[in-house]
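This is target.cif. It holds mmCIF, C-alpha atoms and all ligand atoms.
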```cif
data_entry
loop_
_atom_site.group_PDB
_atom_site.id
_atom_site.type_symbol
_atom_site.label_atom_id
_atom_site.label_comp_id
_atom_site.auth_asym_id
_atom_site.auth_seq_id
_atom_site.Cartn_x
_atom_site.Cartn_y
_atom_site.Cartn_z
ATOM 1 C CA MET T 18 -0.643 -5.245 -22.449
ATOM 2 C CA ILE T 19 -1.675 -1.626 -22.085
ATOM 3 C CA PRO T 20 0.806 0.262 -19.897
ATOM 4 C CA ARG T 21 -0.704 1.691 -16.720
ATOM 5 C CA LEU T 22 1.184 4.585 -15.199
ATOM 6 C CA TYR T 23 0.997 6.743 -12.095
ATOM 7 C CA VAL T 24 1.581 10.443 -12.742
ATOM 8 C CA GLU T 25 1.555 13.418 -10.397
ATOM 9 C CA GLN T 26 -0.116 15.950 -12.664
ATOM 10 C CA PRO T 27 -3.854 16.689 -12.576
ATOM 11 C CA LEU T 28 -5.813 14.470 -14.974
ATOM 12 C CA VAL T 29 -8.749 15.662 -17.026
ATOM 13 C CA ALA T 30 -9.924 14.738 -20.528
ATOM 14 C CA GLY T 31 -8.001 16.779 -23.096
ATOM 15 C CA ALA T 32 -4.962 17.479 -20.915
ATOM 16 C CA ILE T 33 -1.437 16.872 -22.163
ATOM 17 C CA VAL T 34 0.820 15.421 -19.500
ATOM 18 C CA ALA T 35 4.608 15.312 -19.757
ATOM 19 C CA ALA T 36 6.016 11.925 -18.792
ATOM 20 C CA ASP T 37 8.669 11.978 -16.073
ATOM 21 C CA ASP T 38 11.959 10.126 -16.594
ATOM 22 C CA ARG T 39 10.637 6.922 -15.109
ATOM 23 C CA ALA T 40 7.553 6.907 -17.345
ATOM 24 C CA LEU T 41 9.630 7.826 -20.381
ATOM 25 C CA HIS T 42 12.054 4.955 -19.747
ATOM 26 C CA TYR T 43 9.228 2.514 -19.166
ATOM 27 C CA LEU T 44 7.267 3.474 -22.284
ATOM 28 C CA ARG T 45 10.251 3.747 -24.598
ATOM 29 C CA ASN T 46 12.767 1.170 -23.431
ATOM 30 C CA VAL T 47 10.763 -1.374 -21.499
ATOM 31 C CA MET T 48 7.445 -1.415 -23.366
ATOM 32 C CA ARG T 49 8.831 -0.114 -26.700
ATOM 33 C CA ARG T 50 5.800 2.059 -27.345
ATOM 34 C CA ALA T 51 5.353 4.629 -30.104
ATOM 35 C CA PRO T 52 3.224 7.722 -30.658
ATOM 36 C CA GLY T 53 -0.445 6.807 -31.006
ATOM 37 C CA ASP T 54 -0.211 3.845 -28.609
ATOM 38 C CA ALA T 55 -2.755 3.619 -25.812
ATOM 39 C CA LEU T 56 -2.044 3.760 -22.113
ATOM 40 C CA VAL T 57 -3.865 4.244 -18.834
ATOM 41 C CA LEU T 58 -3.024 6.981 -16.315
ATOM 42 C CA PHE T 59 -3.987 7.597 -12.688
ATOM 43 C CA ASN T 60 -2.776 10.062 -10.076
ATOM 44 C CA GLY T 61 -4.514 8.960 -6.878
ATOM 45 C CA ARG T 62 -6.949 11.911 -6.967
ATOM 46 C CA ASP T 63 -8.814 12.305 -10.242
ATOM 47 C CA GLY T 64 -9.653 8.720 -11.212
ATOM 48 C CA GLU T 65 -8.214 6.551 -13.979
ATOM 49 C CA PHE T 66 -7.989 7.865 -17.532
ATOM 50 C CA GLU T 67 -7.425 6.489 -20.972
ATOM 51 C CA ALA T 68 -4.612 8.241 -22.750
ATOM 52 C CA GLU T 69 -2.387 7.947 -25.774
ATOM 53 C CA ILE T 70 1.176 8.801 -26.532
ATOM 54 C CA ALA T 71 1.117 12.125 -28.371
ATOM 55 C CA SER T 72 4.860 12.327 -28.898
ATOM 56 C CA LEU T 73 7.861 10.311 -27.800
ATOM 57 C CA ASP T 74 11.580 10.644 -28.333
ATOM 58 C CA LYS T 75 14.749 9.985 -26.349
ATOM 59 C CA ARG T 76 14.294 12.973 -24.116
ATOM 60 C CA LYS T 77 10.593 13.426 -23.602
ATOM 61 C CA ALA T 78 7.155 12.037 -24.060
ATOM 62 C CA GLU T 79 3.816 13.793 -24.050
ATOM 63 C CA LEU T 80 0.726 11.891 -23.073
ATOM 64 C CA LYS T 81 -2.704 12.992 -24.204
ATOM 65 C CA VAL T 82 -5.477 12.266 -21.716
ATOM 66 C CA THR T 83 -8.571 11.152 -23.636
ATOM 67 C CA ARG T 84 -11.318 10.057 -21.272
ATOM 68 C CA LEU T 85 -12.233 8.961 -17.788
ATOM 69 C CA ARG T 86 -12.146 5.212 -17.412
ATOM 70 C CA ARG T 87 -12.916 4.752 -13.692
ATOM 71 C CA ALA T 88 -13.960 7.309 -11.106
ATOM 72 C CA GLN T 89 -11.638 7.817 -8.131
ATOM 73 C CA ASP T 90 -12.173 5.496 -5.193
ATOM 74 C CA THR T 91 -10.443 5.015 -1.875
ATOM 75 C CA VAL T 92 -9.007 2.085 0.005
ATOM 76 C CA PRO T 93 -9.970 1.354 3.614
ATOM 77 C CA ASP T 94 -8.190 3.685 6.048
ATOM 78 C CA LEU T 95 -5.619 1.142 7.142
ATOM 79 C CA VAL T 96 -2.074 2.059 8.164
ATOM 80 C CA LEU T 97 0.591 -0.612 8.362
ATOM 81 C CA CYS T 98 2.996 0.156 11.213
ATOM 82 C CA PHE T 99 6.079 -2.005 10.932
ATOM 83 C CA ALA T 100 9.683 -2.060 12.034
ATOM 84 C CA PRO T 101 12.054 -1.560 9.088
ATOM 85 C CA LEU T 102 13.354 -4.882 7.796
ATOM 86 C CA LYS T 103 16.334 -5.898 5.702
ATOM 87 C CA LYS T 104 16.273 -4.683 2.106
ATOM 88 C CA ASP T 105 14.725 -7.722 0.443
ATOM 89 C CA ALA T 106 12.115 -8.224 3.125
ATOM 90 C CA ILE T 107 11.065 -4.572 3.182
ATOM 91 C CA ASP T 108 10.837 -4.394 -0.625
ATOM 92 C CA PHE T 109 8.711 -7.526 -0.585
ATOM 93 C CA LEU T 110 6.527 -6.127 2.186
ATOM 94 C CA ILE T 111 5.910 -2.806 0.405
ATOM 95 C CA GLU T 112 4.989 -4.529 -2.844
ATOM 96 C CA LYS T 113 2.676 -7.120 -1.320
ATOM 97 C CA ALA T 114 1.026 -4.802 1.207
ATOM 98 C CA THR T 115 0.302 -2.357 -1.621
ATOM 99 C CA GLU T 116 -1.385 -5.205 -3.482
ATOM 100 C CA LEU T 117 -3.381 -5.954 -0.353
ATOM 101 C CA GLY T 118 -4.654 -2.391 -0.239
ATOM 102 C CA VAL T 119 -2.953 -0.539 2.626
ATOM 103 C CA ALA T 120 -3.520 3.204 2.675
ATOM 104 C CA ALA T 121 -0.196 4.107 4.313
ATOM 105 C CA PHE T 122 3.052 2.655 5.610
ATOM 106 C CA GLN T 123 4.459 3.891 8.920
ATOM 107 C CA PRO T 124 7.966 2.598 9.694
ATOM 108 C CA VAL T 125 8.532 2.454 13.458
ATOM 109 C CA ILE T 126 11.906 2.115 15.183
ATOM 110 C CA THR T 127 11.395 -0.344 18.013
ATOM 111 C CA ARG T 128 13.971 -1.553 20.554
ATOM 112 C CA ARG T 129 14.938 -4.579 18.529
ATOM 113 C CA THR T 130 14.787 -2.975 15.088
ATOM 114 C CA VAL T 131 17.939 -4.040 13.261
ATOM 115 C CA ALA T 132 17.659 -2.232 9.930
ATOM 116 C CA SER T 133 18.218 1.373 10.904
ATOM 117 C CA ARG T 134 18.742 2.939 7.475
ATOM 118 C CA ILE T 135 15.699 3.141 5.315
ATOM 119 C CA ASN T 136 15.596 4.407 1.748
ATOM 120 C CA LEU T 137 12.233 6.144 1.554
ATOM 121 C CA GLU T 138 12.668 7.040 -2.079
ATOM 122 C CA ARG T 139 13.118 3.405 -3.036
ATOM 123 C CA LEU T 140 10.160 2.340 -0.924
ATOM 124 C CA ARG T 141 7.973 5.019 -2.517
ATOM 125 C CA ALA T 142 9.021 3.883 -5.993
ATOM 126 C CA ASN T 143 8.147 0.298 -5.041
ATOM 127 C CA ALA T 144 4.733 1.403 -3.822
ATOM 128 C CA ILE T 145 4.050 3.262 -7.076
ATOM 129 C CA GLU T 146 5.098 0.290 -9.183
ATOM 130 C CA ALA T 147 2.953 -2.123 -7.180
ATOM 131 C CA ALA T 148 -0.039 0.241 -7.373
ATOM 132 C CA GLU T 149 0.378 0.474 -11.150
ATOM 133 C CA GLN T 150 0.333 -3.306 -11.494
ATOM 134 C CA THR T 151 -2.547 -3.959 -9.182
ATOM 135 C CA GLU T 152 -5.232 -1.678 -10.691
ATOM 136 C CA ARG T 153 -5.292 0.469 -7.575
ATOM 137 C CA LEU T 154 -6.422 4.048 -8.032
ATOM 138 C CA THR T 155 -4.303 5.255 -5.129
ATOM 139 C CA VAL T 156 -0.654 4.884 -4.168
ATOM 140 C CA PRO T 157 -0.076 4.197 -0.483
ATOM 141 C CA GLU T 158 1.744 6.930 1.392
ATOM 142 C CA VAL T 159 5.165 5.914 2.751
ATOM 143 C CA ARG T 160 5.810 7.961 5.883
ATOM 144 C CA ALA T 161 9.135 8.846 7.437
ATOM 145 C CA PRO T 162 10.215 6.497 10.250
ATOM 146 C CA ILE T 163 9.375 7.457 13.824
ATOM 147 C CA SER T 164 10.348 6.013 17.201
ATOM 148 C CA PHE T 165 8.117 3.657 19.111
ATOM 149 C CA ASP T 166 7.617 6.343 21.776
ATOM 150 C CA ALA T 167 6.658 8.977 19.224
ATOM 151 C CA LEU T 168 4.211 6.573 17.609
ATOM 152 C CA VAL T 169 2.479 5.847 20.897
ATOM 153 C CA SER T 170 2.433 9.429 22.199
ATOM 154 C CA SER T 171 1.094 10.901 18.967
ATOM 155 C CA TRP T 172 -1.490 8.196 18.338
ATOM 156 C CA GLU T 173 -4.965 9.412 17.433
ATOM 157 C CA PRO T 174 -7.180 7.365 19.845
ATOM 158 C CA SER T 175 -9.980 6.950 17.304
ATOM 159 C CA ARG T 176 -7.635 4.826 15.161
ATOM 160 C CA HIS T 177 -7.857 1.220 16.272
ATOM 161 C CA MET T 178 -4.551 -0.657 16.452
ATOM 162 C CA ILE T 179 -4.388 -4.365 15.728
ATOM 163 C CA LEU T 180 -1.215 -5.479 17.465
ATOM 164 C CA CYS T 181 0.404 -8.646 16.128
ATOM 165 C CA ALA T 182 1.558 -10.043 19.446
ATOM 166 C CA GLU T 183 3.827 -13.051 19.258
ATOM 167 C CA SER T 184 3.619 -13.596 23.019
ATOM 168 C CA GLY T 185 1.211 -12.983 25.868
ATOM 169 C CA PRO T 186 -2.575 -12.974 25.760
ATOM 170 C CA ALA T 187 -4.104 -12.345 22.337
ATOM 171 C CA LEU T 188 -7.329 -13.141 20.557
ATOM 172 C CA PRO T 189 -7.099 -15.204 17.370
ATOM 173 C CA ILE T 190 -7.080 -12.559 14.648
ATOM 174 C CA ALA T 191 -10.320 -13.568 12.920
ATOM 175 C CA ASP T 192 -12.180 -13.638 16.257
ATOM 176 C CA ALA T 193 -10.765 -10.228 17.147
ATOM 177 C CA PHE T 194 -11.962 -8.685 13.889
ATOM 178 C CA ARG T 195 -15.403 -10.258 14.202
ATOM 179 C CA ALA T 196 -15.702 -8.949 17.761
ATOM 180 C CA LEU T 197 -14.822 -5.459 16.557
ATOM 181 C CA THR T 198 -17.232 -5.583 13.609
ATOM 182 C CA PRO T 199 -20.277 -4.114 15.400
ATOM 183 C CA ASN T 200 -18.232 -1.017 16.247
ATOM 184 C CA VAL T 201 -16.644 -0.316 12.900
ATOM 185 C CA SER T 202 -18.752 2.722 12.205
ATOM 186 C CA HIS T 203 -17.191 4.342 15.272
ATOM 187 C CA THR T 204 -13.666 3.153 14.716
ATOM 188 C CA ASN T 205 -13.259 3.148 10.995
ATOM 189 C CA ALA T 206 -9.635 4.160 11.072
ATOM 190 C CA TRP T 207 -7.353 1.186 11.498
ATOM 191 C CA ALA T 208 -3.745 0.224 11.910
ATOM 192 C CA ILE T 209 -1.880 -3.050 12.042
ATOM 193 C CA PHE T 210 1.367 -3.058 14.019
ATOM 194 C CA CYS T 211 3.912 -5.783 13.439
ATOM 195 C CA GLY T 212 7.244 -6.148 15.228
ATOM 196 C CA PRO T 213 10.761 -6.523 13.794
ATOM 197 C CA GLU T 214 12.604 -9.751 12.984
ATOM 198 C CA GLY T 215 13.782 -9.900 16.588
ATOM 199 C CA GLY T 216 10.249 -9.407 17.872
ATOM 200 C CA PHE T 217 8.781 -6.764 20.155
ATOM 201 C CA HIS T 218 10.534 -6.162 23.467
ATOM 202 C CA VAL T 219 8.300 -7.361 26.273
ATOM 203 C CA SER T 220 8.134 -3.800 27.650
ATOM 204 C CA GLU T 221 6.763 -2.625 24.288
ATOM 205 C CA LEU T 222 4.070 -5.283 24.267
ATOM 206 C CA ASP T 223 3.215 -4.439 27.890
ATOM 207 C CA ARG T 224 2.913 -0.740 27.103
ATOM 208 C CA LEU T 225 0.772 -1.301 24.012
ATOM 209 C CA ARG T 226 -1.543 -3.613 25.927
ATOM 210 C CA THR T 227 -2.431 -0.832 28.386
ATOM 211 C CA LEU T 228 -3.746 1.438 25.606
ATOM 212 C CA PRO T 229 -7.515 1.478 25.065
ATOM 213 C CA PHE T 230 -7.275 1.505 21.271
ATOM 214 C CA VAL T 231 -5.094 -1.621 21.039
ATOM 215 C CA THR T 232 -6.316 -5.150 20.351
ATOM 216 C CA PRO T 233 -3.531 -7.754 20.599
ATOM 217 C CA VAL T 234 -4.049 -10.584 18.131
ATOM 218 C CA GLY T 235 -2.414 -13.931 17.471
ATOM 219 C CA LEU T 236 -1.696 -15.405 14.058
ATOM 220 C CA GLY T 237 -1.537 -19.055 15.055
ATOM 221 C CA PRO T 238 0.975 -21.320 16.750
ATOM 222 C CA ARG T 239 3.933 -20.630 14.430
ATOM 223 C CA ILE T 240 6.316 -17.702 14.714
ATOM 224 C CA LEU T 241 5.993 -15.948 11.389
ATOM 225 C CA ARG T 242 8.625 -13.735 9.859
ATOM 226 C CA ALA T 243 7.734 -10.088 10.221
ATOM 227 C CA ASP T 244 6.790 -9.680 6.542
ATOM 228 C CA THR T 245 4.643 -12.820 6.583
ATOM 229 C CA ALA T 246 2.942 -11.704 9.799
ATOM 230 C CA ALA T 247 2.094 -8.258 8.417
ATOM 231 C CA LEU T 248 0.717 -9.652 5.158
ATOM 232 C CA THR T 249 -1.319 -12.292 6.968
ATOM 233 C CA ALA T 250 -2.908 -9.686 9.217
ATOM 234 C CA LEU T 251 -3.659 -7.483 6.210
ATOM 235 C CA ALA T 252 -5.287 -10.296 4.270
ATOM 236 C CA VAL T 253 -7.498 -11.254 7.206
ATOM 237 C CA PHE T 254 -8.415 -7.612 7.787
ATOM 238 C CA GLN T 255 -9.490 -7.124 4.175
ATOM 239 C CA ALA T 256 -11.508 -10.346 4.205
ATOM 240 C CA ILE T 257 -13.459 -9.508 7.356
ATOM 241 C CA LEU T 258 -13.507 -5.723 7.772
ATOM 242 C CA GLY T 259 -12.034 -4.298 4.610
ATOM 243 C CA ASP T 260 -12.892 -4.368 0.921
ATOM 244 C CA GLY T 261 -12.754 -8.144 0.453
ATOM 245 C CA THR T 262 -16.326 -8.207 -0.861
ATOM 246 C CA LEU T 263 -15.490 -6.089 -3.923
ATOM 247 C CA ARG T 264 -14.313 -7.475 -7.288
ATOM 248 C CA PRO T 265 -11.461 -6.274 -9.500
ATOM 249 C CA PRO T 266 -12.289 -4.225 -12.601
ATOM 250 C CA HIS T 267 -12.512 -6.427 -15.693
ATOM 251 C CA PRO T 268 -8.890 -6.931 -16.743
ATOM 252 C CA MET T 269 -9.598 -7.088 -20.467
ATOM 253 C CA MET T 270 -11.966 -4.149 -20.659
ATOM 254 C CA PRO T 271 -11.000 -2.687 -24.040
ATOM 255 C CA ILE T 272 -9.974 0.906 -24.056
ATOM 256 C CA GLY T 273 -12.309 3.141 -25.995
ATOM 257 C CA THR T 274 -15.463 1.015 -25.783
ATOM 258 C CA GLY T 275 -16.018 0.771 -22.040
ATOM 259 C CA ALA T 276 -17.575 -2.619 -22.818
ATOM 260 C CA GLU T 277 -17.859 -4.519 -19.564
ATOM 261 C CA GLY T 278 -17.011 -8.202 -19.899
ATOM 262 C CA ALA T 279 -15.729 -8.050 -23.483
ATOM 263 C CA GLU T 280 -12.713 -10.128 -24.456
HETATM 264 N N1 LIG T 301 12.011 -13.362 17.083
HETATM 265 C C1 LIG T 301 10.731 -13.282 17.667
HETATM 266 C C2 LIG T 301 9.675 -13.349 16.605
HETATM 267 C C3 LIG T 301 9.509 -12.129 15.798
HETATM 268 S S1 LIG T 301 8.384 -12.389 14.542
HETATM 269 C C4 LIG T 301 10.514 -14.424 18.593
HETATM 270 O O1 LIG T 301 11.166 -15.440 18.412
HETATM 271 O O2 LIG T 301 9.652 -14.325 19.448
HETATM 272 C C5 LIG T 301 8.160 -10.732 13.968
HETATM 273 C C6 LIG T 301 6.834 -10.114 14.298
HETATM 274 O O3 LIG T 301 5.811 -10.795 13.596
HETATM 275 C C7 LIG T 301 6.421 -10.168 15.748
HETATM 276 O O4 LIG T 301 6.960 -9.117 16.498
HETATM 277 C C8 LIG T 301 4.909 -10.091 15.660
HETATM 278 O O5 LIG T 301 4.493 -8.761 15.513
HETATM 279 C C9 LIG T 301 4.623 -10.848 14.381
HETATM 280 N N2 LIG T 301 4.305 -12.262 14.602
HETATM 281 C C10 LIG T 301 5.016 -13.337 14.198
HETATM 282 N N3 LIG T 301 4.398 -14.484 14.503
HETATM 283 C C11 LIG T 301 3.256 -14.137 15.135
HETATM 284 C C12 LIG T 301 2.161 -14.887 15.690
HETATM 285 N N4 LIG T 301 2.138 -16.218 15.671
HETATM 286 N N5 LIG T 301 1.134 -14.186 16.221
HETATM 287 C C13 LIG T 301 1.154 -12.835 16.262
HETATM 288 N N6 LIG T 301 2.146 -12.079 15.753
HETATM 289 C C14 LIG T 301 3.191 -12.721 15.206
#
```
Show how you would write the structure in this file as structure tokens.
Ligand code: SAH
Amino acid sequence: MIPRLYVEQPLVAGAIVAADDRALHYLRNVMRRAPGDALVLFNGRDGEFEAEIASLDKRKAELKVTRLRRAQDTVPDLVLCFAPLKKDAIDFLIEKATELGVAAFQPVITRRTVASRINLERLRANAIEAAEQTERLTVPEVRAPISFDALVSSWEPSRHMILCAESGPALPIADAFRALTPNVSHTNAWAIFCGPEGGFHVSELDRLRTLPFVTPVGLGPRILRADTAALTALAVFQAILGDGTLRPPHPMMPIGTGAEGAE
């Protein structure tokens, strides 16, 4: 397997990029790579590049960028607003939602949010790792938590919010997305908002329902856990409004030939 790494530095053919500690550990101790070995680099801005290890020892590694492999692309402008969850559930959510192509995570402190401490650094590392594994060319942004009130009062009205509403009137999610489809060119910034383990407070649902940019949706007759609910909504979004029509890059595309479809 060819290691695929996110780096922060600018990427351009011919550049030499110093690996950070995480990349050094991964290449040396986890993947047991040596100078001359191939790898793939991306930084979320310049596209994906082929590279090779120019030098590697205990303390540092230098990576030589050789050539552009895939031009930069973007993911749909979809923000996942969610109440922080317990450690395992939030780690799971960040990893899986990154795989499903969210552009950004916005933690929101709601009335019934239980997990109050949130380790942004860990969440960002999880997002990077998931993006590396999933052939994404971008890493989703993980924003600092904000209160429910701040979220609502600072909301940009052109961003449409899909509210996962466990109670009260709601359209089935697929119907809601299909109904919104004719207007996507006008509302092409999206968010999905999912409540905490304890659910939204009824006053929160009532307030959100009054806002013109909110569409409350239902995810079926079962009460889903917050992580399951968020991932379900994301998957349905991508299938109907998002990038579900695109295909992954060929996984075995050999480095150096660019041969599409080769073994
Ligand atoms: N404890 C709450 C459920 C919380 S589920 C209760 O018993 O009512 C956590 C979050 O997942 C909810 O706030 C909602 O945003 C979402 N969710 C779960 N099941 C859902 C469903 N069937 N339809 C829509 N949203 C749902």
Discussion item. Under the PyMOL selection byres (((chain T and resi 78-89) around 10) and not hetatm), which residues of this model are included? Write them out as a ChimeraX atom specification.
Written reply: /T:28-38,40-42,44-45,51-77,90-91,153-155,266,270,272-275
Item to complete: Let me know the residues the PyMOL selection byres (((chain T and resi 121) around 9) and not hetatm) catches in the file above, as a list in words.
Response: Asp94, Leu95, Val96, Leu97, Cys98, Thr115, Val119, Ala120, Phe122, Gln123, Val156, Pro157, Glu158, Val159 and Arg160 of chain T
Worksheet item: Can I get the residues close to ligand LIG 301 (chain T) as a ChimeraX atom specification, where close means within 8 Å and we count all atoms listed in the file?
Response: /T:180-184,210-217,234-247
Would you list the residues near (10.9, 6.9, 20.2), meaning any protein, DNA or RNA residue with an atom at most 12 Å from that point in file coordinates, counting all atoms listed in the file, as a PDB file with C-alpha atoms, in the coordinates of the input?
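Once everything was written out, this is selection_34.pdb:
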```pdb
ATOM      1  CA  PRO T 124       7.966   2.598   9.694  1.00  0.00           C
ATOM      2  CA  VAL T 125       8.532   2.454  13.458  1.00  0.00           C
ATOM      3  CA  ILE T 126      11.906   2.115  15.183  1.00  0.00           C
ATOM      4  CA  THR T 127      11.395  -0.344  18.013  1.00  0.00           C
ATOM      5  CA  ARG T 128      13.971  -1.553  20.554  1.00  0.00           C
ATOM      6  CA  THR T 130      14.787  -2.975  15.088  1.00  0.00           C
ATOM      7  CA  PRO T 162      10.215   6.497  10.250  1.00  0.00           C
ATOM      8  CA  ILE T 163       9.375   7.457  13.824  1.00  0.00           C
ATOM      9  CA  SER T 164      10.348   6.013  17.201  1.00  0.00           C
ATOM     10  CA  PHE T 165       8.117   3.657  19.111  1.00  0.00           C
ATOM     11  CA  ASP T 166       7.617   6.343  21.776  1.00  0.00           C
ATOM     12  CA  ALA T 167       6.658   8.977  19.224  1.00  0.00           C
ATOM     13  CA  LEU T 168       4.211   6.573  17.609  1.00  0.00           C
ATOM     14  CA  VAL T 169       2.479   5.847  20.897  1.00  0.00           C
ATOM     15  CA  SER T 170       2.433   9.429  22.199  1.00  0.00           C
ATOM     16  CA  SER T 171       1.094  10.901  18.967  1.00  0.00           C
ATOM     17  CA  GLU T 221       6.763  -2.625  24.288  1.00  0.00           C
TER      18      GLU T 221
END
```
Worksheet item: Using all atoms listed in the file, which of the listed residues (T:Ala100, T:Leu117, T:Ala106, T:Leu225) sits closest to Val131 (chain T)?
Response: T:Ala100
Worksheet entry | Pairwise distance for CA of Ala147 (chain T) and CA of Leu251 (chain T), rounded to one decimal in Å | 15.9 Å
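Every residue that the PyMOL selection byres (((chain T and resi 201) around 12) and not hetatm) selects in this file is listed here: Pro93, Asp94, Ser175, Arg176, His177, Phe194, Arg195, Ala196, Leu197, Thr198, Pro199, Asn200, Ser202, His203, Thr204, Asn205, Ala206, Trp207, Ile257, Leu258 and Gly259 of chain T.
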Could you give me the axis-aligned bounding box of region 220-224 of chain T, with 3 Å of padding per side, as centre plus edge lengths in Å to one decimal, as lines of an AutoDock Vina configuration file?
```
center_x = 5.5
center_y = -3.0
center_z = 26.1
size_x = 11.2
size_y = 10.5
size_z = 9.6
```
Discussion item. Give me, as a PyMOL selection string, all polymer residues having an atom no more than 10 Å from Gly261 (chain T), counting only C-alpha atoms and skipping those fewer than 5 positions away in the same chain.
Written reply: chain T and resi 117-118+252-256
Worksheet entry | d(CA of Leu110 (chain T), CA of Val92 (chain T)) in Å | 17.7 Å
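The neighbours of Ala132 (chain T) here are the residues that come within 6 Å of it, using all atoms listed in the file and leaving out any residue fewer than 2 positions away in the same chain; they are Pro101, Leu102, Lys103, Thr130 and Arg134 of chain T.
Of the residues listed (T:Val24, T:Thr151, T:Pro189, T:Val231), T:Val24 shows the shortest atom-to-atom separation from Arg39 (chain T); distances use all atoms listed in the file.
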Worksheet item: Do you have the CA of Ala250 (chain T)-CA of Leu22 (chain T) distance handy?
Response: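 CA of Ala250 (chain T) sits 28.6 Å away from CA of Leu22 (chain T).
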